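Q: Hey, dropping entry.txt in here, compact mmCIF, C-alpha atoms:
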```
# COMPACT_ATOMS: atom_id res chain seq x y z
CA MET A 1 104.33 29.96 131.79
CA TRP A 2 104.72 33.07 129.77
CA GLN A 3 103.26 36.10 131.50
CA ARG A 4 100.74 38.12 129.46
CA LEU A 5 102.28 41.53 128.67
CA ALA A 6 100.18 44.57 129.47
CA ARG A 7 99.14 46.59 126.43
CA VAL A 8 100.69 50.06 126.68
CA ARG A 9 98.93 52.92 124.91
CA CYS A 10 101.54 55.08 123.17
CA PRO A 11 100.91 58.83 122.94
CA PRO A 12 100.01 60.15 119.48
CA LEU A 13 102.93 61.49 117.46
CA ARG A 14 103.34 64.64 115.37
CA ALA A 15 104.92 64.58 111.93
CA ASP A 16 108.31 65.24 113.57
CA GLY A 17 107.94 62.16 115.76
CA LYS A 18 107.20 64.02 118.99
CA ALA A 19 104.13 63.38 121.11
CA PHE A 20 101.37 65.97 120.96
CA SER A 21 98.48 67.02 123.16
CA THR A 22 95.11 68.09 121.81
CA MET A 23 92.78 71.06 122.00
CA ARG A 24 89.28 72.01 120.95
CA ALA A 25 88.79 74.15 117.84
CA VAL A 26 85.90 75.22 115.60
CA LEU A 27 86.60 73.50 112.30
CA TRP A 28 85.29 74.55 108.89
CA ARG A 29 85.44 71.77 106.32
CA GLY A 30 84.39 73.80 103.29
CA ASP A 31 80.58 73.85 103.57
CA PRO A 32 79.22 77.36 102.80
CA ASP A 33 76.58 76.92 105.50
CA PRO A 34 78.14 78.31 108.72
CA SER A 35 75.85 76.14 110.84
CA LYS A 36 77.83 73.10 109.62
CA MET A 37 80.99 74.13 111.46
CA LYS A 38 81.77 71.86 114.42
CA VAL A 39 84.01 71.80 117.45
CA GLU A 40 86.61 69.07 116.95
CA MET A 41 89.76 67.88 118.67
CA ILE A 42 92.96 68.81 116.82
CA GLN A 43 96.62 68.96 117.75
CA LYS A 44 97.62 71.72 120.15
CA PRO A 45 100.10 73.92 118.25
CA SER A 46 103.62 74.96 119.21
CA PRO A 47 105.22 78.32 118.42
CA LYS A 48 108.25 78.58 116.18
CA LYS A 49 110.86 81.32 115.91
CA GLY A 50 109.40 84.76 116.53
CA GLU A 51 106.02 83.38 117.60
CA VAL A 52 104.08 83.08 120.85
CA LEU A 53 101.44 80.63 121.99
CA VAL A 54 98.33 82.35 123.34
CA LYS A 55 95.65 80.69 125.47
CA VAL A 56 92.57 82.26 123.93
CA ARG A 57 90.20 84.09 126.29
CA ALA A 58 87.74 85.42 123.70
CA CYS A 59 87.34 85.74 119.93
CA GLY A 60 85.19 88.17 117.99
CA VAL A 61 82.69 87.09 115.31
CA CYS A 62 83.45 89.02 112.13
CA HIS A 63 81.83 89.28 108.70
CA THR A 64 85.21 88.73 107.02
CA ASP A 65 85.27 85.17 108.38
CA LEU A 66 81.76 84.75 107.02
CA HIS A 67 82.80 85.90 103.53
CA CYS A 68 85.33 83.05 103.44
CA ILE A 69 82.94 80.51 104.95
CA LYS A 70 80.34 81.35 102.30
CA LYS A 71 83.06 81.24 99.61
CA ASP A 72 82.63 84.87 98.56
CA LEU A 73 86.40 84.99 99.03
CA PRO A 74 88.64 81.97 98.31
CA PHE A 75 90.24 80.19 101.26
CA PRO A 76 91.45 76.60 101.65
CA SER A 77 89.69 74.02 103.80
CA PRO A 78 89.72 72.54 106.34
CA ALA A 79 90.37 75.72 108.28
CA VAL A 80 89.98 77.45 111.61
CA PHE A 81 88.75 81.04 111.45
CA GLY A 82 88.67 83.75 114.12
CA HIS A 83 90.96 86.75 113.77
CA GLU A 84 90.43 89.03 116.77
CA ILE A 85 91.40 87.56 120.13
CA SER A 86 92.44 88.36 123.65
CA GLY A 87 94.33 85.80 125.67
CA THR A 88 97.31 84.90 127.83
CA VAL A 89 100.87 84.23 126.68
CA VAL A 90 101.73 80.68 127.70
CA ALA A 91 104.82 79.84 125.58
CA HIS A 92 107.50 81.50 123.47
CA GLY A 93 109.31 80.47 120.33
CA ASP A 94 112.96 81.35 119.87
CA GLY A 95 113.78 85.02 119.43
CA VAL A 96 110.66 86.43 121.10
CA ASP A 97 111.08 89.62 123.13
CA ILE A 98 110.01 88.20 126.49
CA SER A 99 110.36 91.59 128.20
CA ARG A 100 107.57 92.91 125.96
CA LEU A 101 105.53 89.69 125.99
CA PRO A 102 106.16 87.92 129.32
CA LEU A 103 104.68 84.55 130.20
CA GLY A 104 101.30 85.13 131.82
CA GLY A 105 100.87 88.48 130.12
CA LYS A 106 97.35 89.30 128.98
CA VAL A 107 97.34 90.36 125.34
CA ALA A 108 95.27 91.35 122.33
CA CYS A 109 96.30 90.27 118.82
CA THR A 110 95.90 92.20 115.56
CA PHE A 111 94.43 90.33 112.62
CA ILE A 112 97.12 91.72 110.29
CA MET A 113 100.33 89.98 111.32
CA PRO A 114 103.15 91.97 109.68
CA CYS A 115 106.29 90.07 108.74
CA GLY A 116 108.34 93.19 109.51
CA SER A 117 110.85 92.77 106.71
CA CYS A 118 109.10 92.84 103.31
CA PHE A 119 109.10 95.80 100.89
CA HIS A 120 105.95 97.29 102.46
CA CYS A 121 106.77 96.63 106.10
CA GLU A 122 110.17 98.29 105.75
CA ARG A 123 108.36 101.41 104.49
CA GLY A 124 105.98 101.46 107.44
CA GLU A 125 103.07 100.07 105.38
CA GLU A 126 102.41 97.00 107.52
CA ASP A 127 98.77 96.93 106.42
CA THR A 128 100.02 95.88 102.96
CA CYS A 129 102.48 93.22 104.20
CA ALA A 130 103.21 91.02 101.17
CA PRO A 131 103.75 87.66 102.98
CA PHE A 132 100.58 88.20 105.00
CA PHE A 133 98.48 88.34 101.85
CA ALA A 134 100.47 85.80 99.81
CA LEU A 135 100.82 83.15 102.51
CA ASN A 136 98.17 83.70 105.17
CA ARG A 137 95.24 85.10 103.22
CA LEU A 138 95.73 82.87 100.18
CA LYS A 139 97.11 79.66 101.71
CA GLY A 140 96.27 79.76 105.43
CA GLN A 141 99.93 79.56 106.41
CA LEU A 142 102.44 81.44 108.53
CA TYR A 143 105.66 82.89 107.21
CA ASP A 144 107.74 79.74 106.92
CA GLY A 145 105.18 78.50 104.40
CA SER A 146 103.42 76.05 106.72
CA THR A 147 100.48 75.97 109.09
CA ARG A 148 100.74 75.37 112.83
CA LEU A 149 97.50 73.41 112.95
CA TYR A 150 97.05 69.69 112.24
CA SER A 151 94.30 67.16 112.77
CA THR A 152 94.94 64.29 115.14
CA ASP A 153 95.83 62.11 112.13
CA GLY A 154 98.38 64.67 110.89
CA GLN A 155 96.43 66.44 108.14
CA PRO A 156 97.20 70.19 107.79
CA ILE A 157 94.53 72.72 108.74
CA ALA A 158 94.57 76.23 107.28
CA MET A 159 94.82 79.25 109.61
CA TYR A 160 92.88 82.45 108.96
CA SER A 161 95.21 84.95 110.63
CA PHE A 162 96.10 83.03 113.82
CA ALA A 163 92.98 80.84 113.84
CA GLY A 164 91.49 82.20 117.05
CA LEU A 165 88.40 79.97 117.26
CA ALA A 166 90.39 77.49 119.29
CA GLU A 167 91.64 77.03 122.83
CA TYR A 168 95.18 78.02 121.80
CA ALA A 169 96.60 80.10 118.95
CA VAL A 170 100.10 80.62 117.58
CA VAL A 171 100.67 84.29 116.74
CA PRO A 172 103.73 86.08 115.28
CA GLN A 173 105.06 88.44 117.95
CA THR A 174 104.56 91.42 115.61
CA ALA A 175 100.80 91.01 116.11
CA VAL A 176 100.77 90.51 119.91
CA PHE A 177 100.37 93.43 122.32
CA GLU A 178 100.19 93.35 126.10
CA LEU A 179 97.05 94.96 127.48
CA PRO A 180 97.25 97.95 129.82
CA SER A 181 96.34 96.87 133.34
CA THR A 182 92.95 98.61 133.30
CA LEU A 183 91.87 96.62 130.22
CA ALA A 184 93.38 93.36 131.47
CA GLU A 185 91.55 93.67 134.78
CA LYS A 186 88.18 95.04 133.67
CA HIS A 187 87.64 94.17 130.00
CA PHE A 188 89.80 91.14 129.22
CA PRO A 189 87.30 89.31 126.94
CA GLU A 190 86.04 92.51 125.29
CA ALA A 191 89.61 93.62 124.53
CA SER A 192 89.64 91.03 121.74
CA LEU A 193 87.67 93.53 119.64
CA LEU A 194 90.69 95.82 119.60
CA GLY A 195 92.39 93.37 117.24
CA CYS A 196 89.96 93.80 114.32
CA ALA A 197 86.80 95.88 114.80
CA PHE A 198 88.61 98.81 116.40
CA PHE A 199 91.95 98.09 114.70
CA THR A 200 90.26 98.26 111.30
CA ALA A 201 88.47 101.44 112.35
CA MET A 202 91.72 102.99 113.54
CA GLY A 203 93.50 102.23 110.27
CA ALA A 204 90.68 103.66 108.19
CA ILE A 205 90.52 106.88 110.18
CA ARG A 206 94.25 107.48 110.59
CA ASN A 207 95.90 106.14 107.45
CA ALA A 208 93.24 106.22 104.74
CA ALA A 209 90.58 108.82 105.55
CA GLU A 210 93.11 111.04 107.38
CA LEU A 211 90.22 112.21 109.53
CA ARG A 212 90.76 115.40 111.52
CA ALA A 213 88.89 117.13 114.32
CA GLY A 214 85.94 119.17 113.11
CA GLN A 215 85.43 117.27 109.86
CA SER A 216 81.93 116.13 108.97
CA THR A 217 81.91 112.35 108.72
CA VAL A 218 79.50 109.82 107.23
CA ILE A 219 79.74 106.13 108.20
CA ILE A 220 77.78 103.82 105.89
CA GLY A 221 77.24 100.61 107.84
CA ALA A 222 76.72 100.76 111.61
CA GLY A 223 77.77 97.21 112.47
CA GLY A 224 80.82 96.17 114.49
CA VAL A 225 83.48 98.03 112.51
CA GLY A 226 81.17 100.96 111.77
CA GLN A 227 80.46 101.40 115.47
CA GLY A 228 84.19 101.32 116.12
CA ILE A 229 84.67 104.12 113.58
CA ILE A 230 81.88 106.13 115.21
CA GLN A 231 83.48 105.84 118.65
CA LEU A 232 86.98 106.70 117.46
CA ALA A 233 85.76 109.55 115.27
CA LYS A 234 83.94 111.00 118.27
CA HIS A 235 87.03 110.59 120.44
CA LEU A 236 89.16 112.40 117.85
CA GLY A 237 86.72 115.32 117.67
CA ALA A 238 85.17 114.81 114.24
CA GLY A 239 81.67 116.10 113.64
CA PRO A 240 78.94 116.05 112.83
CA ILE A 241 79.01 112.25 112.70
CA ILE A 242 76.32 110.76 110.48
CA ALA A 243 75.51 107.03 110.63
CA VAL A 244 73.74 105.28 107.74
CA ASP A 245 72.24 101.79 107.94
CA ILE A 246 69.05 99.86 107.15
CA SER A 247 68.62 98.56 110.71
CA ASP A 248 66.94 100.75 113.31
CA LYS A 249 68.56 98.65 116.02
CA ALA A 250 72.04 99.31 114.62
CA LEU A 251 71.24 103.01 114.28
CA ASP A 252 69.99 103.20 117.87
CA MET A 253 73.32 101.75 118.98
CA ALA A 254 75.17 104.20 116.74
CA ALA A 255 73.39 107.10 118.42
CA THR A 256 74.29 105.74 121.85
CA LEU A 257 77.95 105.43 120.84
CA GLY A 258 78.31 108.94 119.47
CA ALA A 259 76.54 109.46 116.12
CA ASP A 260 74.98 112.93 115.90
CA HIS A 261 72.56 111.97 113.12
CA CYS A 262 71.22 108.59 111.99
CA ILE A 263 69.73 107.82 108.58
CA ASN A 264 67.78 104.69 107.72
CA ALA A 265 68.53 104.13 104.03
CA ARG A 266 65.29 102.18 103.56
CA LYS A 267 63.15 105.04 104.81
CA GLU A 268 64.96 108.23 103.77
CA ASP A 269 66.90 109.73 100.87
CA VAL A 270 70.45 109.38 102.17
CA LEU A 271 72.08 112.03 100.00
CA GLU A 272 69.35 114.59 100.74
CA ARG A 273 69.69 114.06 104.48
CA ILE A 274 73.50 114.33 104.37
CA ALA A 275 73.21 117.58 102.41
CA ALA A 276 70.68 118.95 104.90
CA VAL A 277 72.93 118.16 107.87
CA THR A 278 76.00 119.74 106.22
CA GLU A 279 74.37 122.97 104.93
CA GLY A 280 74.31 121.63 101.39
CA HIS A 281 78.02 120.80 101.15
CA LYS A 282 77.86 117.08 101.96
CA ALA A 283 80.54 115.40 104.08
CA ASP A 284 84.27 116.01 104.32
CA VAL A 285 84.81 112.26 104.70
CA CYS A 286 82.68 109.17 104.09
CA LEU A 287 83.71 105.72 105.33
CA GLU A 288 81.92 102.81 103.67
CA VAL A 289 81.87 99.62 105.78
CA ILE A 290 79.37 97.41 103.89
CA GLY A 291 81.15 96.30 100.72
CA SER A 292 78.32 96.40 98.17
CA LYS A 293 78.02 98.03 94.75
CA ALA A 294 75.21 100.31 95.92
CA THR A 295 76.95 101.58 99.05
CA PHE A 296 80.28 101.96 97.23
CA GLU A 297 78.65 104.30 94.72
CA GLN A 298 76.65 106.05 97.44
CA ALA A 299 79.82 106.82 99.41
CA LEU A 300 81.40 108.61 96.47
CA LEU A 301 78.31 110.81 96.10
CA SER A 302 78.13 111.50 99.84
CA VAL A 303 81.26 113.66 100.03
CA ARG A 304 81.70 117.33 99.21
CA ASP A 305 83.86 118.76 96.46
CA GLY A 306 87.42 117.94 97.47
CA GLY A 307 86.17 115.28 99.88
CA ARG A 308 87.45 111.79 100.52
CA ALA A 309 85.61 108.46 100.29
CA CYS A 310 87.29 105.67 102.26
CA TYR A 311 86.35 102.04 101.56
CA VAL A 312 86.57 99.47 104.37
CA GLY A 313 83.87 96.91 103.55
CA ILE A 314 84.86 93.61 101.94
CA ALA A 315 82.79 92.21 99.06
CA ALA A 316 82.76 89.05 96.98
CA ALA A 317 85.85 88.90 94.77
CA THR A 318 83.76 89.44 91.60
CA THR A 319 81.84 92.50 92.87
CA LYS A 320 82.39 95.70 90.87
CA ALA A 321 81.06 99.24 91.14
CA GLU A 322 80.67 102.10 88.68
CA VAL A 323 82.44 105.44 89.13
CA PRO A 324 81.20 108.68 87.49
CA ILE A 325 84.52 109.78 86.00
CA THR A 326 83.72 113.44 85.27
CA HIS A 327 82.14 113.98 88.69
CA LEU A 328 85.21 112.44 90.32
CA VAL A 329 87.66 114.56 88.36
CA ARG A 330 85.87 117.92 88.40
CA ARG A 331 84.92 117.66 92.07
CA ARG A 332 88.44 116.57 93.14
CA ILE A 333 87.12 113.56 95.05
CA SER A 334 89.62 111.07 96.47
CA LEU A 335 88.87 107.34 96.70
CA VAL A 336 91.03 105.22 99.02
CA GLY A 337 90.84 101.65 100.29
CA SER A 338 91.66 100.55 103.83
CA TYR A 339 91.98 96.92 104.95
CA GLY A 340 93.29 97.44 108.46
CA ALA A 341 95.79 99.38 110.54
CA ARG A 342 99.56 99.30 111.02
CA ALA A 343 100.23 97.17 114.06
CA SER A 344 103.46 98.70 115.38
CA GLN A 345 102.25 102.26 114.84
CA ASP A 346 98.52 102.18 115.47
CA MET A 347 97.90 99.43 118.04
CA PRO A 348 99.79 101.11 120.92
CA GLU A 349 97.76 104.28 120.37
CA LEU A 350 94.54 102.32 120.18
CA LEU A 351 95.34 100.51 123.43
CA SER A 352 96.02 103.84 125.09
CA ILE A 353 92.72 105.30 123.86
CA ALA A 354 90.84 102.23 125.12
CA ALA A 355 92.61 102.27 128.50
CA GLN A 356 91.65 105.92 128.97
CA GLY A 357 87.99 105.16 128.24
CA GLY A 358 88.01 106.69 124.76
CA VAL A 359 85.97 103.73 123.49
CA ASP A 360 83.27 101.73 125.24
CA LEU A 361 84.30 98.09 124.80
CA PRO A 362 81.47 96.46 126.81
CA SER A 363 78.82 98.32 124.81
CA ALA A 364 80.41 97.17 121.56
CA VAL A 365 79.66 93.54 122.47
CA THR A 366 76.00 92.83 121.78
CA ARG A 367 75.88 89.01 122.00
CA ARG A 368 78.02 86.40 123.77
CA PHE A 369 78.39 82.76 122.83
CA THR A 370 80.43 79.78 123.99
CA MET A 371 82.77 77.89 121.67
CA ASP A 372 80.11 75.20 121.30
CA GLN A 373 77.74 77.90 120.02
CA ALA A 374 80.14 79.36 117.44
CA ALA A 375 78.28 77.88 114.46
CA GLU A 376 75.06 79.43 115.77
CA ALA A 377 76.80 82.81 116.14
CA TYR A 378 77.98 82.83 112.52
CA SER A 379 74.58 81.64 111.31
CA LEU A 380 72.86 84.51 113.11
CA LEU A 381 75.42 86.92 111.66
CA ASP A 382 74.66 85.57 108.20
CA GLN A 383 70.94 86.14 108.81
CA GLY A 384 71.50 89.74 109.86
CA GLN A 385 70.42 88.98 113.42
CA ILE A 386 73.48 90.45 115.15
CA ALA A 387 73.84 94.21 115.52
CA GLY A 388 77.27 95.28 116.63
CA ARG A 389 79.80 92.58 117.53
CA ALA A 390 79.25 89.10 118.89
CA LEU A 391 81.89 87.46 121.06
CA ILE A 392 82.90 83.82 121.50
CA ASP A 393 83.85 83.70 125.17
CA MET A 394 86.15 80.76 125.96
CA GLY A 395 85.91 81.32 129.72
CA GLU A 396 88.76 81.45 132.21
```
Hey, can you dump this file as structure tokens for me?
A:
Amino acid sequence: MWQRLARVRCPPLRADGKAFSTMRAVLWRGDPDPSKMKVEMIQKPSPKKGEVLVKVRACGVCHTDLHCIKKDLPFPSPAVFGHEISGTVVAHGDGVDISRLPLGGKVACTFIMPCGSCFHCERGEEDTCAPFFALNRLKGQLYDGSTRLYSTDGQPIAMYSFAGLAEYAVVPQTAVFELPSTLAEKHFPEASLLGCAFFTAMGAIRNAAELRAGQSTVIIGAGGVGQGIIQLAKHLGAGPIIAVDISDKALDMAATLGADHCINARKEDVLERIAAVTEGHKADVCLEVIGSKATFEQALLSVRDGGRACYVGIAAATTKAEVPITHLVRRRISLVGSYGARASQDMPELLSIAAQGGVDLPSAVTRRFTMDQAAEAYSLLDQGQIAGRALIDMGE
């Protein structure tokens, strides 16, 4: 008699014919309601040339993700968000500097992933990297024009930065930095915030606002990035530091982290208070971190003659603000935008500041969630229920 052959289950195959393993990721399928995001199984990615694979330890919850989820800013779906992570290097692509990024090294990753060779990168302007905006921010791809993420049936999944709301993330080596031992040992999950909240703050202060010690500074918006600016401004010796928000809870945190004066914009006249604090001159520098028409215009009017207004907050793509032309010209006021920092220049300094205790990472984290609670975290952020920065902690 013929023997019955045992049925053998073949491993699933990638598009290139090789078997793949799977991982958990928080998937957005295009619904503007963040509560609809779900944890799903997708293919575990592999790094290509110049890239590393990072086992994610923690991922910050940022408003910029929320802008895309709610479709204020265009982004393709399905997608995985999450753009500030800490984690462990577990694999290298070809051409990676393994002496700088050894296997097992604990790292933080910057949300801007400079290509290193475009017009802007060659001029030291990595925060304006052309492929980053053209490929990653518009198409959810890395710099060979493809994503690293696929569903189990082979459908492409867009990556916002390196798509950190997953168990593993592929990151270009230009955006990966090994943590100093003190941070790796004591603040490994919290170090994820260095990749966006503090990285964005650092870029705004250093490269856009050109903040110097002794300068009076207004921060409009005392959330995650705003609190990062407050801490770094204090560390760099700026003052007085004036925080503006509509949340007493956020302002209480701002005071704890270094703000000398706090103004609730719902209860007080912001411009009058700023003038009173600065002997009638108003501020040397104002950093706006909200991204609304009202706060954009308020920032311009918050600075002294010859002052500088720096804009960090992201708004819906159609949002516009009005500028009083004569006031701007006669009072010699500078307006400058700032999206992030310059990874190769600014991240090493930021890591050094953090390692020396110049910023309080644990205090910057106000809520912690698991990956299974990610949709809840973004929903609470959307409802204004999170002051400071929430963290998705993947666990060891």
Q: Name the closest residue to A:Met23 among the candidates A:Ala79, A:Ala166, A:Ile263, A:Ala208; distances are taken between atoms, counting all atoms listed in the file.
A: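 Residue with the minimum atom-to-atom distance to A:Met23: A:Ala166.
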Q: Go through A:Pro47, A:Gly140, A:Gly358, A:Gly82 one by one, measure the shortest atom-to-atom distance of each to A:Leu66 using only C-alpha atoms, and give the residue with the smallest value.
A: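 When distances to A:Leu66 are compared using only C-alpha atoms, the smallest one comes from A:Gly82.
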Q: Which of these residues is nearest to A:Asp33, using all atoms listed in the file: A:Cys62, A:Cys68, A:Leu193, A:Cys109?
A: A:Cys68
Q: Which residue out of A:Ile219, A:Ile112, A:Val225, A:Cys310 has the minimum interatomic distance to A:Ile241 when all atoms listed in the file are used?
A: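 Once distances to A:Ile241 are computed over all atoms listed in the file, the minimum belongs to A:Ile219.
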Q: Can you pull out the residues contacting stretch 243-252 of chain A? Cut-off 8 Å, using all atoms listed in the file, and skip same-chain residues under 2 positions away; I want them as a list in words.
A: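 Close residues of stretch 243-252 of chain A: Val218, Ile219, Ile220, Gly221, Ala222, Gly223, Ile230, Ile241, Ala254, Ala255, Thr256, Ala259, Asp260, His261, Cys262, Ile263, Asn264, Ala265, Arg266, Val270, Ala387 and Gly388 of chain A.
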Q: One number please: atom CA of A:Leu380 to atom CA of A:Met394, in Å, one decimal.
A: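 Distance between the two atoms: 18.9 Å.
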Q: To one decimal place, how far is atom CA of A:Ala130 from atom CA of A:Cys118 in Å?
A: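 Between atom CA of A:Ala130 and atom CA of A:Cys118 the gap is 6.5 Å.
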Q: Given the choices A:Gln215, A:Ser46, A:Thr318, A:Gln373, which gets closest to A:Val285 if the distance is worked out from only C-alpha atoms?
A: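 Residue with the minimum atom-to-atom distance to A:Val285: A:Gln215.
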Q: So that I can see what lies close to A:Ser338, please list as a list in words the residues with an atom at most 12 Å from it, counting only C-alpha atoms and leaving out residues fewer than 3 positions away in the same chain.
A: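 Listing them by chain and then by number gives Glu125, Glu126, Asp127, Thr128, Phe199, Thr200, Ala201, Met202, Gly203, Ala204, Ile205, Arg206, Asn207, Ala208, Ala209, Glu210, Leu287, Glu288, Val289, Gly291, Ala309, Cys310, Tyr311, Val312, Gly313, Ile314, Leu335, Ala341 and Arg342 of chain A.
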Q: Determine the nearest neighbour of A:Phe162 from the options A:Ser117, A:Ser99, A:Ser86, A:Gln231, counting only C-alpha atoms.
A: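 Closest to A:Phe162, using only C-alpha atoms: A:Ser86.
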Q: When you draw a straight line from atom CA of A:Arg57 to atom CA of A:Phe111, how long is it in Å?
A: 15.6 Å
Q: Can you report as AutoDock Vina command-line options the centre and edge lengths in Å, to one decimal, of an axis-aligned box around the listed atoms of stretch 17-31 of chain A padded with 4 Å on each side?
A:
```
--center_x 94.3 --center_y 68.7 --center_z 113.2 --size_x 35.4 --size_y 21.1 --size_z 27.9
```
Q: Give me, as a PyMOL selection string, all polymer residues having an atom no more than 12 Å from A:Ile333, counting all atoms listed in the file and skipping those fewer than 2 positions away in the same chain.
A: chain A and resi 283-286+299-310+323-331+335-336
Q: Using all atoms listed in the file, which protein or nucleic acid residues come within 8 Å of A:Thr152? Drop anything in the same chain fewer than 5 positions from it, and give the result as a PDB file with C-alpha atoms, in the frame of the given file.
A:
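Generated output (part.pdb):
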```
ATOM      1  CA  PRO A  12     100.010  60.150 119.480  1.00  0.00           C
ATOM      2  CA  THR A  22      95.110  68.090 121.810  1.00  0.00           C
ATOM      3  CA  MET A  41      89.760  67.880 118.670  1.00  0.00           C
ATOM      4  CA  ILE A  42      92.960  68.810 116.820  1.00  0.00           C
ATOM      5  CA  GLN A  43      96.620  68.960 117.750  1.00  0.00           C
TER       6      GLN A  43
END
```
